[in-house]
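Peer 1: Input file: structure_36.tsv. Contents: TSV, C-alpha atoms and all ligand atoms.
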```
chain	number	residue	atom	x	y	z
X	12	MET	CA	-4.90	-49.38	-51.93
X	13	GLN	CA	-7.37	-48.67	-49.12
X	14	VAL	CA	-5.86	-48.77	-45.63
X	15	ARG	CA	-8.09	-51.17	-43.70
X	16	SER	CA	-6.43	-51.52	-40.29
X	17	ALA	CA	-5.54	-49.00	-37.61
X	18	VAL	CA	-3.18	-49.91	-34.78
X	19	ILE	CA	-3.90	-48.07	-31.52
X	20	PRO	CA	-1.09	-48.58	-28.97
X	21	ALA	CA	-2.63	-48.51	-25.49
X	22	ALA	CA	-0.28	-50.62	-23.35
X	23	GLY	CA	1.67	-47.78	-21.72
X	24	LEU	CA	1.83	-47.22	-17.97
X	25	GLY	CA	0.12	-43.81	-18.01
X	26	THR	CA	2.44	-42.54	-15.27
X	27	ARG	CA	1.44	-38.92	-15.80
X	28	PHE	CA	-2.08	-39.78	-14.62
X	29	LEU	CA	-1.21	-41.83	-11.55
X	30	PRO	CA	-2.91	-42.63	-9.24
X	31	ALA	CA	-5.97	-42.53	-11.56
X	32	THR	CA	-4.37	-44.96	-14.04
X	33	LYS	CA	-3.64	-47.46	-11.26
X	34	ALA	CA	-7.13	-48.88	-11.88
X	35	VAL	CA	-8.48	-47.17	-15.03
X	36	PRO	CA	-6.56	-47.05	-18.34
X	37	LYS	CA	-6.23	-43.44	-19.50
X	38	GLU	CA	-7.44	-44.53	-22.95
X	39	LEU	CA	-10.86	-45.12	-21.35
X	40	PHE	CA	-11.06	-41.79	-19.51
X	41	PRO	CA	-14.29	-40.09	-20.59
X	42	ILE	CA	-14.33	-37.04	-22.81
X	43	GLY	CA	-17.95	-36.05	-22.21
X	44	ASP	CA	-19.78	-39.39	-22.49
X	45	GLN	CA	-17.24	-41.14	-24.76
X	46	PRO	CA	-14.01	-42.89	-23.83
X	47	ALA	CA	-11.04	-41.21	-25.54
X	48	LEU	CA	-10.39	-44.55	-27.28
X	49	GLN	CA	-13.82	-44.47	-28.97
X	50	ILE	CA	-13.17	-40.96	-30.31
X	51	VAL	CA	-9.98	-42.23	-31.96
X	52	ILE	CA	-11.83	-45.29	-33.31
X	53	ASP	CA	-14.53	-43.03	-34.80
X	54	GLU	CA	-11.79	-40.98	-36.50
X	55	ALA	CA	-10.43	-44.18	-38.06
X	56	LEU	CA	-13.87	-45.39	-39.20
X	57	GLY	CA	-14.51	-41.97	-40.79
X	58	ALA	CA	-11.35	-42.47	-42.89
X	59	GLY	CA	-12.66	-45.80	-44.27
X	60	ILE	CA	-10.82	-48.10	-41.84
X	61	ASP	CA	-12.81	-51.13	-40.65
X	62	HIS	CA	-10.36	-53.11	-38.49
X	63	ILE	CA	-9.17	-51.66	-35.18
X	64	VAL	CA	-6.18	-53.36	-33.57
X	65	VAL	CA	-5.68	-52.21	-30.01
X	66	VAL	CA	-2.35	-53.06	-28.39
X	67	SER	CA	-3.19	-53.52	-24.71
X	68	SER	CA	-1.50	-54.80	-21.59
X	69	ARG	CA	-2.62	-57.74	-19.42
X	70	ASP	CA	-2.62	-55.18	-16.57
X	71	LYS	CA	-5.36	-53.20	-18.36
X	72	PRO	CA	-8.20	-55.74	-18.78
X	73	ALA	CA	-10.79	-52.93	-18.99
X	74	ILE	CA	-9.65	-52.21	-22.56
X	75	ALA	CA	-10.63	-55.67	-23.84
X	76	ASP	CA	-13.82	-55.48	-21.72
X	77	TYR	CA	-14.83	-52.37	-23.64
X	78	PHE	CA	-15.14	-54.42	-26.83
X	79	GLU	CA	-17.07	-57.32	-25.23
X	80	ARG	CA	-20.74	-57.25	-26.12
X	81	ASP	CA	-22.93	-57.12	-23.02
X	82	ASP	CA	-26.28	-58.60	-24.12
X	83	LYS	CA	-27.71	-58.49	-20.59
X	84	LEU	CA	-27.07	-54.76	-20.25
X	85	ILE	CA	-28.39	-54.07	-23.75
X	86	ALA	CA	-31.59	-56.03	-23.01
X	87	ALA	CA	-32.06	-54.18	-19.69
X	88	LEU	CA	-31.69	-50.82	-21.45
X	89	ASP	CA	-34.15	-51.87	-24.17
X	90	ASP	CA	-36.66	-53.00	-21.50
X	91	ALA	CA	-36.29	-49.65	-19.74
X	92	GLY	CA	-37.04	-47.83	-23.02
X	93	LYS	CA	-33.48	-46.49	-23.26
X	94	THR	CA	-33.02	-47.71	-26.82
X	95	ASP	CA	-30.79	-44.78	-27.78
X	96	VAL	CA	-28.19	-45.84	-25.18
X	97	ALA	CA	-28.70	-49.52	-26.09
X	98	ASP	CA	-28.06	-48.61	-29.75
X	99	ARG	CA	-24.79	-46.93	-28.82
X	100	LEU	CA	-23.65	-50.12	-27.08
X	101	ARG	CA	-24.79	-52.24	-30.04
X	102	ALA	CA	-22.74	-50.01	-32.36
X	103	ILE	CA	-19.44	-51.04	-30.70
X	104	GLY	CA	-17.83	-53.48	-33.12
X	105	LYS	CA	-20.81	-53.41	-35.53
X	106	ASP	CA	-19.73	-52.97	-39.19
X	107	TRP	CA	-16.11	-53.01	-38.01
X	108	ARG	CA	-13.86	-55.49	-36.29
X	109	ALA	CA	-11.84	-55.04	-33.12
X	110	THR	CA	-8.79	-57.16	-32.34
X	111	VAL	CA	-6.99	-56.81	-29.01
X	112	VAL	CA	-3.35	-57.90	-28.93
X	113	TYR	CA	-1.01	-57.73	-25.96
X	114	GLN	CA	2.37	-56.17	-25.28
X	115	ASP	CA	3.95	-58.08	-22.38
X	116	GLU	CA	6.01	-55.14	-21.17
X	117	PRO	CA	5.99	-51.46	-22.15
X	118	ARG	CA	9.19	-51.57	-24.20
X	119	GLY	CA	8.41	-48.50	-26.28
X	120	LEU	CA	6.12	-47.41	-29.10
X	121	GLY	CA	8.06	-49.29	-31.79
X	122	HIS	CA	7.71	-52.51	-29.83
X	123	ALA	CA	4.01	-51.87	-29.16
X	124	VAL	CA	3.25	-51.39	-32.87
X	125	GLY	CA	5.27	-54.53	-33.69
X	126	CYS	CA	2.89	-56.56	-31.50
X	127	ALA	CA	0.12	-55.86	-34.07
X	128	ARG	CA	1.98	-57.42	-37.00
X	129	GLU	CA	0.07	-60.68	-37.21
X	130	ALA	CA	-3.31	-58.99	-36.70
X	131	VAL	CA	-2.68	-56.47	-39.50
X	132	GLY	CA	-0.81	-58.64	-41.99
X	133	ASP	CA	1.11	-57.63	-45.07
X	134	GLU	CA	-0.71	-54.45	-46.07
X	135	PRO	CA	-0.48	-50.69	-45.36
X	136	PHE	CA	-1.84	-49.70	-41.96
X	137	ALA	CA	-2.45	-46.65	-39.80
X	138	VAL	CA	-0.97	-46.06	-36.36
X	139	MET	CA	-3.01	-43.74	-34.14
X	140	LEU	CA	-1.79	-42.57	-30.74
X	141	PRO	CA	-4.85	-42.34	-28.50
X	142	ASP	CA	-3.28	-39.48	-26.51
X	143	GLU	CA	-3.99	-37.18	-29.40
X	144	LEU	CA	-7.52	-36.47	-30.52
X	145	MET	CA	-8.12	-34.92	-33.93
X	146	GLY	CA	-11.20	-32.87	-34.72
X	147	SER	CA	-12.08	-34.99	-37.77
X	148	SER	CA	-11.13	-37.91	-40.02
X	149	ALA	CA	-9.95	-35.58	-42.80
X	150	LEU	CA	-6.26	-35.75	-41.87
X	151	LEU	CA	-6.12	-39.55	-41.77
X	152	ALA	CA	-8.12	-39.79	-45.00
X	153	GLN	CA	-5.64	-37.46	-46.73
X	154	MET	CA	-2.69	-39.47	-45.36
X	155	ASN	CA	-4.23	-42.69	-46.73
X	156	GLY	CA	-4.48	-41.02	-50.14
X	157	VAL	CA	-0.86	-39.85	-50.07
X	158	CYS	CA	0.31	-43.35	-49.08
X	159	SER	CA	-1.56	-44.88	-51.97
X	160	SER	CA	-0.39	-42.30	-54.55
X	161	THR	CA	3.30	-42.27	-53.49
X	162	GLY	CA	3.61	-45.92	-52.42
X	163	GLY	CA	5.47	-44.80	-49.29
X	164	SER	CA	4.82	-44.17	-45.61
X	165	VAL	CA	3.25	-40.94	-44.40
X	166	VAL	CA	3.39	-39.11	-41.07
X	167	ALA	CA	1.23	-36.25	-39.77
X	168	VAL	CA	3.00	-33.10	-38.62
X	169	VAL	CA	2.13	-29.70	-37.18
X	170	ASN	CA	4.10	-26.49	-37.43
X	171	VAL	CA	5.17	-25.22	-34.00
X	172	PRO	CA	7.36	-22.33	-32.80
X	173	ARG	CA	11.03	-23.27	-32.96
X	174	GLU	CA	11.55	-23.26	-29.18
X	175	GLU	CA	8.98	-26.08	-28.80
X	176	VAL	CA	10.61	-28.65	-31.12
X	177	SER	CA	12.94	-30.06	-28.47
X	178	SER	CA	10.14	-32.19	-26.90
X	179	TYR	CA	9.13	-33.94	-30.14
X	180	GLY	CA	10.14	-35.91	-33.22
X	181	VAL	CA	10.92	-33.47	-36.05
X	182	ILE	CA	11.04	-34.11	-39.83
X	183	ASP	CA	13.96	-33.21	-42.06
X	184	PRO	CA	12.25	-32.09	-45.31
X	185	ALA	CA	13.62	-33.22	-48.67
X	186	GLY	CA	11.74	-30.52	-50.62
X	187	GLU	CA	9.07	-27.85	-50.57
X	188	LEU	CA	5.63	-27.95	-49.00
X	189	THR	CA	2.96	-28.42	-51.73
X	190	ALA	CA	-0.34	-26.51	-51.88
X	191	ASP	CA	-2.04	-29.63	-50.43
X	192	GLY	CA	0.19	-29.50	-47.37
X	193	VAL	CA	2.44	-32.44	-48.31
X	194	ILE	CA	6.22	-32.41	-47.73
X	195	PRO	CA	8.76	-35.01	-48.90
X	196	VAL	CA	10.87	-36.21	-45.98
X	197	LYS	CA	14.45	-37.48	-45.97
X	198	ASP	CA	14.96	-38.06	-42.25
X	199	LEU	CA	13.47	-37.64	-38.79
X	200	VAL	CA	15.17	-36.40	-35.64
X	201	GLU	CA	13.98	-37.18	-32.12
X	202	LYS	CA	13.90	-34.21	-29.69
X	203	PRO	CA	16.49	-31.97	-31.38
X	204	ASP	CA	18.05	-28.89	-29.89
X	205	PRO	CA	16.04	-25.95	-31.36
X	206	ASP	CA	19.25	-24.52	-32.92
X	207	ASP	CA	19.95	-27.80	-34.78
X	208	ALA	CA	16.35	-28.73	-35.68
X	209	PRO	CA	15.95	-29.40	-39.42
X	210	SER	CA	12.41	-27.89	-39.44
X	211	ASN	CA	9.58	-26.68	-37.19
X	212	PHE	CA	7.33	-29.60	-38.21
X	213	ILE	CA	6.76	-32.01	-35.32
X	214	LEU	CA	5.21	-35.51	-35.48
X	215	THR	CA	1.69	-35.60	-34.19
X	216	GLY	CA	0.46	-39.09	-33.44
X	217	ARG	CA	-0.87	-40.27	-36.81
X	218	TYR	CA	1.06	-42.50	-39.21
X	219	VAL	CA	0.19	-44.49	-42.33
X	220	LEU	CA	2.89	-47.08	-42.90
X	221	THR	CA	3.70	-49.41	-45.76
X	222	PRO	CA	4.12	-53.08	-44.76
X	223	ASP	CA	7.93	-53.00	-45.05
X	224	ALA	CA	7.74	-51.09	-41.72
X	225	TRP	CA	7.27	-54.52	-40.07
X	226	THR	CA	10.79	-55.54	-41.07
X	227	GLU	CA	12.23	-52.26	-39.77
X	228	ILE	CA	10.31	-52.61	-36.52
X	229	ALA	CA	11.48	-56.21	-36.06
X	230	ALA	CA	15.08	-55.01	-36.50
X	231	LEU	CA	14.83	-52.22	-33.87
X	232	ARG	CA	17.43	-52.06	-31.14
X	233	PRO	CA	16.89	-50.14	-27.88
X	234	GLY	CA	17.30	-46.42	-28.53
X	235	ARG	CA	16.51	-43.35	-26.41
X	236	ALA	CA	15.50	-44.32	-22.85
X	237	GLY	CA	16.31	-47.96	-23.65
X	238	GLU	CA	13.02	-48.25	-25.57
X	239	LEU	CA	12.31	-49.52	-29.08
X	240	GLN	CA	11.45	-46.26	-30.83
X	241	LEU	CA	9.01	-46.16	-33.74
X	242	THR	CA	10.88	-43.11	-35.06
X	243	ASP	CA	13.99	-45.25	-35.63
X	244	ALA	CA	11.99	-47.59	-37.90
X	245	LEU	CA	10.60	-44.58	-39.78
X	246	ARG	CA	14.12	-43.18	-40.27
X	247	ALA	CA	15.16	-46.43	-41.91
X	248	GLN	CA	12.14	-46.22	-44.25
X	249	ALA	CA	12.76	-42.53	-45.08
X	250	ALA	CA	16.37	-43.31	-45.96
X	251	ARG	CA	15.44	-45.67	-48.80
X	252	SER	CA	11.80	-45.21	-49.88
X	253	PRO	CA	9.44	-42.34	-50.72
X	254	PHE	CA	8.34	-40.85	-47.40
X	255	HIS	CA	6.03	-37.88	-46.88
X	256	ALA	CA	4.55	-35.71	-44.16
X	257	VAL	CA	1.07	-34.19	-44.29
X	258	VAL	CA	0.67	-30.91	-42.42
X	259	SER	CA	-2.40	-31.19	-40.21
X	260	ASP	CA	-4.94	-28.41	-40.26
X	261	VAL	CA	-7.54	-30.22	-38.14
X	262	SER	CA	-7.94	-29.20	-34.51
X	263	ARG	CA	-5.80	-31.33	-32.22
X	264	HIS	CA	-6.00	-32.11	-28.51
X	265	ASP	CA	-3.18	-33.58	-26.48
X	266	THR	CA	-4.86	-35.63	-23.76
X	267	GLY	CA	-1.66	-37.31	-22.54
X	268	ASN	CA	-1.26	-35.05	-19.50
X	269	PRO	CA	-3.79	-33.82	-16.93
X	270	LEU	CA	-3.94	-30.18	-18.14
X	271	GLY	CA	-4.24	-31.15	-21.82
X	272	PHE	CA	-6.93	-33.64	-20.90
X	273	LEU	CA	-8.93	-31.02	-19.00
X	274	ILE	CA	-8.66	-28.54	-21.90
X	275	ALA	CA	-9.72	-31.23	-24.41
X	276	THR	CA	-12.72	-32.11	-22.26
X	277	ILE	CA	-13.85	-28.48	-22.30
X	278	GLU	CA	-13.11	-27.82	-25.99
X	279	LEU	CA	-14.80	-31.02	-27.16
X	280	GLY	CA	-17.69	-30.34	-24.74
X	281	LEU	CA	-18.17	-27.00	-26.49
X	282	VAL	CA	-18.73	-28.76	-29.84
X	283	ASN	CA	-21.03	-31.45	-28.40
X	284	PRO	CA	-24.64	-30.42	-29.20
X	285	ASP	CA	-25.93	-31.87	-25.89
X	286	LEU	CA	-23.35	-30.17	-23.69
X	287	ARG	CA	-22.30	-26.95	-25.37
X	288	GLY	CA	-25.18	-24.70	-24.18
X	289	PRO	CA	-24.93	-25.33	-20.43
X	290	LEU	CA	-21.12	-25.65	-20.55
X	291	ALA	CA	-20.71	-22.29	-22.33
X	292	GLU	CA	-23.05	-20.71	-19.78
X	293	PHE	CA	-21.02	-22.12	-16.91
X	294	LEU	CA	-17.74	-20.90	-18.44
X	295	ALA	CA	-19.18	-17.41	-19.01
X	296	GLU	CA	-20.24	-17.29	-15.35
X	297	LEU	CA	-16.75	-18.37	-14.24
X	298	LYS	CA	-15.24	-15.32	-15.96
X	299	HIS	CA	-17.15	-12.94	-13.67
C	301	LIG	P1	2.97	-42.33	-23.93
C	301	LIG	O1	4.37	-42.29	-23.50
C	301	LIG	O2	2.26	-41.04	-24.16
C	301	LIG	O3	2.05	-43.13	-22.89
C	301	LIG	O4	2.82	-43.26	-25.20
C	301	LIG	P2	2.37	-43.75	-21.49
C	301	LIG	O5	3.73	-44.35	-21.50
C	301	LIG	O6	1.23	-44.65	-21.16
C	301	LIG	O7	2.23	-42.46	-20.59
C	301	LIG	P3	3.21	-41.83	-19.50
C	301	LIG	O8	4.27	-41.15	-20.32
C	301	LIG	O9	3.72	-42.94	-18.65
C	301	LIG	O10	2.32	-40.87	-18.76
C	301	LIG	C1	1.94	-42.98	-26.30
C	301	LIG	C2	0.99	-44.14	-26.53
C	301	LIG	O11	1.72	-45.33	-26.77
C	301	LIG	C3	1.33	-46.35	-25.88
C	301	LIG	C4	0.68	-45.66	-24.68
C	301	LIG	O12	-0.32	-46.49	-24.09
C	301	LIG	C5	0.08	-44.41	-25.32
C	301	LIG	O13	-1.23	-44.64	-25.78
C	301	LIG	N1	2.50	-47.17	-25.52
C	301	LIG	C6	3.66	-46.57	-25.13
C	301	LIG	C7	2.42	-48.55	-25.61
C	301	LIG	O14	1.37	-49.11	-25.98
C	301	LIG	N2	3.50	-49.28	-25.24
C	301	LIG	C8	4.68	-48.71	-24.85
C	301	LIG	O15	5.64	-49.46	-24.57
C	301	LIG	C9	4.75	-47.32	-24.81
```
Could you show the structure in this file as C-alpha cells?
Peer 2:
Amino acid sequence: MQVRSAVIPAAGLGTRFLPATKAVPKELFPIGDQPALQIVIDEALGAGIDHIVVVSSRDKPAIADYFERDDKLIAALDDAGKTDVADRLRAIGKDWRATVVYQDEPRGLGHAVGCAREAVGDEPFAVMLPDELMGSSALLAQMNGVCSSTGGSVVAVVNVPREEVSSYGVIDPAGELTADGVIPVKDLVEKPDPDDAPSNFILTGRYVLTPDAWTEIAALRPGRAGELQLTDALRAQAARSPFHAVVSDVSRHDTGNPLGFLIATIELGLVNPDLRGPLAEFLAELKH
C-alpha cells in the first residue's frame, strides 16, 4: 500500500539556535535558497508522498505562512519578468497537499506525531524529522517498500562507531542484515551506555509507521525528560509486530545544531549547480 502522508514535526523550541529561533523557526532557515523544510518536503514527494502534515506551534506562525499562496507577490514577479521565481512559488502546494496542525506545548516527539492523527487517518504514514536532511528520496522509498512487503513499521538507521551510540536511539536486531540493508528488529533502546548497546545502528530521523502506531502513541506516558517519546511507541510495536530497520546509505546532514547546519549549508551548496563553482573557489582560497 502506497504511503501517502508524511508527518513533519516542527513545533519544538529550537533552543540550540537561540536567539535566532526567537523570531524565525529553524525549519525555515535557508540552505542555499531553500528553507530546510522544503528540502524535506521534496524528499517526501520524490518517494511518492503527496500529503505533507506539518506539526507546528502557534508561536511559529511563519511555518503556516510558508504554505499560504501569495498571489500578489506571484503577479509582481510575473510582471517583472521573473517567471522562474514566480514558478517556484506557484509550485508550493501544487500537485500535493499541505496540512498544518498544532501542538499546544512541546511535550515530546511522540506527542507531536500524535497531533497529526486526524490529518493522516487510518493508513501507514512517514515521519520525517526536519533536522536531518537526506541526499535523496531513495531511503524513504525503500522504507515504504519494506513497510508494504512486511506489513510492519520501519525505521531508518545508520551504523556509527560504538562510542557514539550513547546520544541516540539504538535498535536491538532480531536477525541478520540482508543484502538490501534490511534488519529485523526486536526492541529499541534510548541512549544506551556503549558497553550495553545492543548494536551500533542508531535511529536517523525517518520512520514509516503502520496505523496501529496511533494507539501506541495515544497510550504513551511521560518517559525520559518527562516527554512523550516516540521511541516508546515503537518499542511497543516491535514487541508484537514485524518491525524492520533499513540501513541508510544516502548522504545525511544533521542541521539541528549550529555547526551541523553550517556544514550542511556548505555540503549542499557544493552540489547545487548554481552555487558550487563560486563556493568551491572560495573554499579553495580559504585553504591558503
Ligand atoms: P529536537 O529536539 O531536535 O528539536 O526535535 P527542538 O526541541 O526544536 O530543538 P532543541 O533541542 O530545543 O534545540 C526534533 C524535531 O521534533 C520537533 C522539533 O521541532 C524538531 O523538528 N518537536 C520536538 C516537536 O514538534 N515537538 C516536540 O515536542 C519536540
Peer 1: Which residues are near segment 120-122 of chain X? Cut-off 6 Å, all atoms listed in the file, ignore same chain within fewer than 3 positions. Put them as a count of residues only.
Peer 2: 4
Peer 1: Of the residues X:Glu187, X:Asp53, X:Glu38, X:Asp76, which is the one nearest to ligand LIG 301 (chain C), using all atoms listed in the file?
Peer 2: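 Using all atoms listed in the file, ligand LIG 301 (chain C) sits closest to X:Glu38.
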Peer 1: Excluding same-chain residues fewer than 2 positions from Val66 of chain X, what lies within 10 Å of it counting all atoms listed in the file, as a count of residues only?
Peer 2: 21
Peer 1: X:Arg27, X:Arg263, X:His62, X:Arg217: which is nearest ligand LIG 301 (chain C), counting all atoms listed in the file?
Peer 2: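 For ligand LIG 301 (chain C), the nearest of the candidates is X:Arg27.
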Peer 1: Show me, as a list of chain:residue names, the residues that have an atom within 9 Å of Pro222 of chain X when counting all atoms listed in the file, minus same-chain residues fewer than 5 positions from it.
Peer 2: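 The neighbour list is X:Gly132, X:Asp133, X:Glu134, X:Pro135, X:Phe136, X:Ser164.
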Peer 1: If we count only C-alpha atoms and set the cut-off at 9 Å, which residues sit around Gly59 of chain X, ignoring sequence neighbours fewer than 5 positions away in its own chain? Please answer as a list in words.
Peer 2: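 My reading of the contact set: Gln13, Val14, Arg15 and Ala152 of chain X.
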Peer 1: Nearest to ligand LIG 301 (chain C) among X:Val35, X:Leu245, X:Val200, X:Met139, with distances taken over only C-alpha atoms and all ligand atoms: which residue is it?
Peer 2: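 Of X:Val35, X:Leu245, X:Val200, X:Met139, the one nearest ligand LIG 301 (chain C), counting only C-alpha atoms and all ligand atoms, is X:Met139.
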Peer 1: What is the atom CA of Phe28 of chain X to atom CA of Ser67 of chain X distance in Å?
Peer 2: 17.1 Å
